[in-house]
Structure formats: structure tokens, C-alpha cells
$ cat query.cif   # mmCIF, C-alpha atoms
data_input
loop_
_atom_site.label_atom_id
_atom_site.label_comp_id
_atom_site.auth_asym_id
_atom_site.auth_seq_id
_atom_site.Cartn_x
_atom_site.Cartn_y
_atom_site.Cartn_z
CA MET A 1 -19.50 -10.18 11.95
CA ALA A 2 -18.02 -8.46 8.92
CA THR A 3 -20.26 -7.91 5.91
CA THR A 4 -18.89 -9.74 2.90
CA ILE A 5 -18.59 -8.07 -0.47
CA GLN A 6 -20.35 -11.06 -2.00
CA SER A 7 -23.38 -10.47 0.23
CA LEU A 8 -23.58 -6.87 -1.03
CA LEU A 9 -23.33 -8.05 -4.63
CA ASP A 10 -26.07 -10.63 -4.01
CA ARG A 11 -28.37 -8.04 -2.42
CA PHE A 12 -27.73 -5.70 -5.36
CA ASP A 13 -28.64 -8.50 -7.81
CA VAL A 14 -31.95 -9.10 -6.02
CA LEU A 15 -32.87 -5.41 -5.85
CA MET A 16 -31.94 -4.76 -9.48
CA ASN A 17 -33.32 -8.08 -10.79
CA ASP A 18 -29.93 -8.88 -12.33
CA ALA A 19 -29.28 -12.54 -11.52
CA GLY A 20 -25.98 -13.55 -13.02
CA ALA A 21 -24.67 -9.97 -13.18
CA VAL A 22 -25.70 -9.57 -16.81
CA ARG A 23 -26.60 -5.85 -16.84
CA TRP A 24 -24.01 -4.71 -14.30
CA PRO A 25 -20.82 -6.81 -14.43
CA THR A 26 -19.11 -7.80 -11.19
CA ALA A 27 -16.04 -5.64 -11.94
CA GLU A 28 -18.24 -2.56 -12.28
CA ARG A 29 -20.16 -3.31 -9.08
CA LEU A 30 -16.85 -3.84 -7.20
CA MET A 31 -15.67 -0.47 -8.46
CA TRP A 32 -18.86 1.06 -7.01
CA VAL A 33 -18.27 -0.64 -3.64
CA ASN A 34 -14.76 0.80 -3.48
CA ASP A 35 -15.89 4.24 -4.68
CA GLY A 36 -18.69 4.22 -2.11
CA GLN A 37 -16.37 3.33 0.76
CA ARG A 38 -13.95 6.14 -0.18
CA GLU A 39 -16.77 8.66 -0.46
CA LEU A 40 -18.37 7.46 2.78
CA VAL A 41 -15.38 8.46 4.93
CA THR A 42 -15.60 12.03 3.66
CA PHE A 43 -18.79 12.62 5.65
CA LYS A 44 -18.86 9.76 8.18
CA ASP A 45 -15.68 10.05 10.26
CA ASP A 46 -16.40 6.81 12.07
CA ALA A 47 -16.90 4.65 8.96
CA PHE A 48 -13.30 3.40 8.87
CA VAL A 49 -11.23 4.34 11.93
CA LYS A 50 -7.63 3.35 12.49
CA HIS A 51 -5.03 3.86 15.22
CA ALA A 52 -1.34 4.48 14.69
CA THR A 53 1.62 5.84 16.57
CA VAL A 54 3.37 8.81 15.03
CA THR A 55 7.04 9.24 15.87
CA THR A 56 7.76 12.96 16.04
CA VAL A 57 10.43 14.79 14.09
CA THR A 58 12.06 18.09 15.04
CA GLY A 59 9.68 20.98 14.44
CA ALA A 60 5.98 21.67 14.47
CA ARG A 61 4.82 19.79 11.37
CA GLN A 62 4.38 16.05 11.92
CA GLN A 63 3.47 13.37 9.39
CA VAL A 64 0.55 11.02 10.01
CA PRO A 65 -0.16 7.80 8.05
CA ALA A 66 -0.65 8.22 4.30
CA ASP A 67 -4.16 6.71 4.37
CA CYS A 68 -5.37 9.40 6.77
CA HIS A 69 -8.47 11.31 5.73
CA LYS A 70 -8.88 13.20 9.01
CA VAL A 71 -7.15 13.03 12.40
CA LEU A 72 -9.68 12.57 15.19
CA THR A 73 -7.57 12.46 18.38
CA VAL A 74 -3.92 12.78 19.40
CA ARG A 75 -2.40 11.63 22.69
CA VAL A 76 0.99 11.79 24.37
CA GLY A 77 2.56 8.34 24.15
CA THR A 78 4.18 8.21 27.59
CA THR A 79 1.16 9.41 29.58
CA GLY A 80 -1.85 8.87 27.34
CA GLN A 81 -2.82 12.49 28.00
CA VAL A 82 -5.05 14.00 25.32
CA VAL A 83 -3.42 16.63 23.14
CA GLN A 84 -6.10 19.30 22.63
CA ARG A 85 -7.06 20.36 19.15
CA CYS A 86 -6.91 24.11 18.53
CA GLU A 87 -7.13 26.50 15.63
CA ARG A 88 -3.87 27.39 13.95
CA THR A 89 -5.07 30.92 13.29
CA ALA A 90 -5.23 31.53 17.05
CA LEU A 91 -1.59 30.54 17.56
CA ASP A 92 -0.55 32.48 14.44
CA ALA A 93 -2.22 35.61 15.83
CA PHE A 94 -1.01 35.45 19.44
CA LEU A 95 2.36 33.73 19.05
CA PRO A 96 3.64 34.26 15.49
CA THR A 97 6.92 32.39 16.11
CA TRP A 98 5.29 29.25 17.52
CA MET A 99 6.43 27.09 14.57
CA THR A 100 10.10 27.99 14.87
CA THR A 101 10.49 28.19 18.64
CA LEU A 102 11.59 24.66 19.50
CA LEU A 103 10.63 23.42 22.93
CA ALA A 104 11.36 20.07 24.51
CA SER A 105 8.02 19.50 26.21
CA ALA A 106 5.31 17.17 24.98
CA PRO A 107 2.75 18.72 22.64
CA LYS A 108 -0.17 20.47 24.30
CA ASN A 109 -2.11 21.26 21.13
CA TRP A 110 -2.49 19.90 17.62
CA MET A 111 -3.95 21.43 14.49
CA PRO A 112 -4.84 19.98 11.09
CA ASP A 113 -2.65 20.88 8.14
CA GLU A 114 -3.93 21.71 4.65
CA SER A 115 -2.71 18.25 3.67
CA PRO A 116 -4.47 15.39 5.54
CA GLU A 117 -1.13 13.57 5.85
CA TYR A 118 0.24 16.14 8.30
CA ILE A 119 -0.68 17.82 11.56
CA TRP A 120 0.91 20.70 13.43
CA VAL A 121 1.83 20.38 17.10
CA TYR A 122 2.47 23.05 19.70
CA PRO A 123 4.95 23.43 21.14
CA ALA A 124 7.22 22.55 18.23
CA GLN A 125 9.31 19.49 19.06
CA GLN A 126 12.99 20.04 19.79
CA THR A 127 13.91 16.40 20.23
CA PRO A 128 12.64 13.88 17.66
CA GLY A 129 11.41 10.41 18.58
CA ALA A 130 8.45 11.04 20.89
CA SER A 131 5.41 8.82 20.39
CA LEU A 132 2.02 10.32 19.62
CA PRO A 133 -0.81 7.78 19.37
CA VAL A 134 -3.36 9.07 16.85
CA THR A 135 -6.86 7.93 16.01
CA TYR A 136 -7.93 8.84 12.51
CA SER A 137 -10.57 8.38 9.87
CA ALA A 138 -8.83 6.45 7.10
CA TYR A 139 -9.42 5.88 3.44
CA PRO A 140 -10.33 2.20 3.21
CA PRO A 141 -8.25 -0.24 1.19
CA VAL A 142 -9.55 -1.55 -2.12
CA VAL A 143 -11.64 -4.69 -1.64
CA ALA A 144 -12.27 -7.64 -3.94
CA GLN A 145 -15.20 -10.00 -4.30
CA GLY A 146 -13.92 -12.48 -1.69
CA ASP A 147 -13.18 -9.78 0.91
CA SER A 148 -15.20 -8.18 3.67
CA LEU A 149 -16.36 -4.60 3.68
CA SER A 150 -13.71 -2.27 5.10
CA ALA A 151 -16.25 0.16 6.50
CA ARG A 152 -18.06 -0.72 9.72
CA ASP A 153 -20.93 -3.19 9.32
CA GLY A 154 -23.45 -0.51 10.21
CA TYR A 155 -22.64 1.19 6.91
CA ALA A 156 -23.33 -1.82 4.64
CA SER A 157 -26.74 -0.41 3.66
CA ASN A 158 -25.11 2.92 2.82
CA ILE A 159 -22.71 1.17 0.45
CA LEU A 160 -25.56 -0.79 -1.13
CA ASN A 161 -27.44 2.48 -1.68
CA TYR A 162 -24.31 3.93 -3.31
CA MET A 163 -24.25 0.95 -5.68
CA LEU A 164 -27.92 1.55 -6.51
CA TYR A 165 -27.21 5.25 -7.04
CA ARG A 166 -24.48 4.41 -9.57
CA ALA A 167 -26.65 1.84 -11.36
CA TYR A 168 -29.62 4.21 -11.63
CA SER A 169 -27.28 7.02 -12.74
CA LYS A 170 -25.96 4.80 -15.50
CA ASP A 171 -29.53 4.27 -16.70
CA ALA A 172 -30.65 7.86 -16.09
CA GLU A 173 -32.16 8.16 -19.58
CA THR A 174 -34.84 5.63 -18.54
CA ALA A 175 -37.94 7.35 -17.17
CA GLY A 176 -37.72 7.85 -13.41
CA ASN A 177 -34.18 6.56 -12.94
CA ALA A 178 -32.70 10.02 -12.36
CA GLN A 179 -35.08 10.43 -9.42
CA LEU A 180 -34.27 6.91 -8.17
CA ALA A 181 -30.55 7.74 -8.40
CA ALA A 182 -31.06 10.93 -6.38
CA ALA A 183 -33.10 9.05 -3.76
CA ALA A 184 -30.49 6.28 -3.47
CA TYR A 185 -27.73 8.87 -3.06
CA GLU A 186 -29.66 10.58 -0.27
CA LEU A 187 -30.07 7.22 1.49
CA PHE A 188 -26.33 6.64 1.04
CA ARG A 189 -25.58 9.93 2.79
CA ALA A 190 -28.11 9.34 5.58
#

$ encode --input "query.cif" --output "C-alpha cells"
Amino acid sequence: MATTIQSLLDRFDVLMNDAGAVRWPTAERLMWVNDGQRELVTFKDDAFVKHATVTTVTGARQQVPADCHKVLTVRVGTTGQVVQRCERTALDAFLPTWMTTLLASAPKNWMPDESPEYIWVYPAQQTPGASLPVTYSAYPPVVAQGDSLSARDGYASNILNYMLYRAYSKDAETAGNAQLAAAAYELFRA
């Protein structure tokens, strides 16, 4: 069952003794939920996973979906065979022309690009239009009060701790709140 955003807001209200969202308005708390989900995927690859099929273009550099944070796996569409990840520096060292030598076979290896919206494949694709199913860690969409959490349910407590971290950070001038903010952030990252 998906965790609702409202249930997170309600739990926050109880923990912070803020019935009616007087101290921390709903819009601010929603911003923290969305910020927390985006930050969560940067260190928890499995927080928000998506699957897509990339249609190859001619060459070695292939575009993946725009919401991709990190590609996790790549397969060959016709066989389902796993395309092995490798280090680009190894290919650059042993086969310097690998990016420009176009071959018709299915990719055997993939490498991340500096931009998360692209990957490199070897061999470079001569004929466009092949299907490469990819699994990737995605940046979650923005959620509203009536929505469900985009991240997996198991990370609801992490998001709540992020909200607490932001609230305590906002009130850091109050004695002890800087330490509470640091503790909540550590629980968020756990």
C-alpha cells in the first residue's frame, strides 16, 4: 500500500506538536517532502526505480530518459541478454577508436556518461532502432498533498526524518535544535 503524503504530514504534525500546520505551513512541508525524495535517490538507488526502453541511434552515445539519475541495468531487447557495465577508461586505453568504429552487432558493454541522461555502448551502433530495456534510478515527480509518496514505502520514515531535519534547521537558533537537525538528517540517510 502506498504511503500517502497526507499521512506524512499528519505524522509530522504529531511529532512537532503543530496541529493545524500553524508553525510549518503545508506548502513548506510539501516542499520538504519533494526535496527529500529528490535527495533520497542520490544515495539510495532503489528508492524510485523505473524501467524504459531506449531506442538506439547510430553511434556509441545513447540517450536514456530525462528523469534518469543513474542507470542500473541495460539489456538487449530481442534476447533479454544483460549488457555488461564496464569502465570507459579501459576501452579508451585499449581501443581508442571504439566510439567511431560502427559495428552492427548488439551492444556488449555499456558505460555511464558524465551526463546522467546518456550512456555509452560498445560496440557503437551502426544501425539505429534497436531496443535496449534499461532499469534506472529516477528522480521522482513532484507530489501534492492528495498524492502518494513516489519513493518506495520502505523509505517513508526517511522522508519524515528529512522533514524533521528541515524543521529543526529552520529553528536552529533554539537551544538543541541544531543537534536535533543533525540527528534527523543522519536518520534520513540511514

$ atom_distance --input "query.cif" --atom1 "atom CA of Arg189 of chain A" --atom2 "atom CA of Lys70 of chain A"
18.1 Å

$ resolve_selection --input "query.cif" --expression "the PyMOL selection byres ((chain A and resi 43) around 12)" --output "MDAnalysis selection string"
chainID A and resid 36:42 44:48 69:70 137:139 158 188:190

$ closest_residue --input "query.cif" --among "A:Gly20, A:Pro123, A:Pro133, A:Pro25" --to "Val74 of chain A" --atoms "only C-alpha atoms"
A:Pro133

$ residues_around --input "query.cif" --residues "segment 164-176 of chain A" --least-positions-apart "6" --cutoff "7 Å" --atoms "only C-alpha atoms" --output "PyMOL selection string"
chain A and resi 182+184-185

$ write_last_selection --input "query.cif" --atoms "C-alpha atoms" --output "PDB file, in the frame of the given file"
ATOM      1  CA  ALA A 182     -31.060  10.930  -6.380  1.00  0.00           C
ATOM      2  CA  ALA A 184     -30.490   6.280  -3.470  1.00  0.00           C
ATOM      3  CA  TYR A 185     -27.730   8.870  -3.060  1.00  0.00           C
TER       4      TYR A 185
END

$ residues_around --input "query.cif" --residues "Leu30 of chain A" --least-positions-apart "3" --cutoff "9 Å" --atoms "all atoms listed in the file" --output "list in words"
Ile5, Leu9, Pro25, Thr26, Ala27, Val33, Asn34, Asp35, Val143, Ala144, Gln145 and Met163 of chain A

$ axis_aligned_box --input "query.cif" --around "segment 135-138 of chain A" --padding-each-side "3 Å" --output "AutoDock Vina command-line options"
--center_x -8.7 --center_y 7.6 --center_z 11.6 --size_x 9.7 --size_y 8.4 --size_z 14.9

$ resolve_selection --input "query.cif" --expression "the PyMOL selection byres ((chain A and resi 12) around 10)" --output "count of residues only"
21

$ resolve_selection --input "query.cif" --expression "the PyMOL selection byres ((chain A and resi 85-88) around 12)" --output "PyMOL selection string"
chain A and resi 60-61+71-75+82-84+89-96+98-99+107-114+119-122

$ atom_distance --input "query.cif" --atom1 "atom CA of Thr53 of chain A" --atom2 "atom CA of Ala124 of chain A"
17.7 Å

$ residues_around --input "query.cif" --residues "Glu117 of chain A" --least-positions-apart "6" --cutoff "8 Å" --atoms "all atoms listed in the file" --output "list in words"
Gln63, Val64, Pro65, Ala66, Asp67, Cys68 and His69 of chain A

$ residues_around --input "query.cif" --residues "Thr127 of chain A" --least-positions-apart "4" --cutoff "12 Å" --atoms "all atoms listed in the file" --output "VMD selection string"
chain A and resid 55 to 60 102 to 107 123 131

$ atom_distance --input "query.cif" --atom1 "atom CA of Val142 of chain A" --atom2 "atom CA of Ser157 of chain A"
18.2 Å

$ closest_residue --input "query.cif" --among "A:Arg23, A:Met31, A:Tyr136, A:Gly129" --to "Pro116 of chain A" --atoms "all atoms listed in the file"
A:Tyr136

$ closest_residue --input "query.cif" --among "A:Leu187, A:Ser115, A:Pro141, A:Val134" --to "Ala156 of chain A" --atoms "all atoms listed in the file"
A:Leu187

$ residues_near_point --input "query.cif" --point "(-17.1, -5.6, 1.6)" --cutoff "6 Å" --atoms "all atoms listed in the file" --output "JSON, numbers by chain"
{"A": [3, 4, 5, 147, 148, 149, 150]}
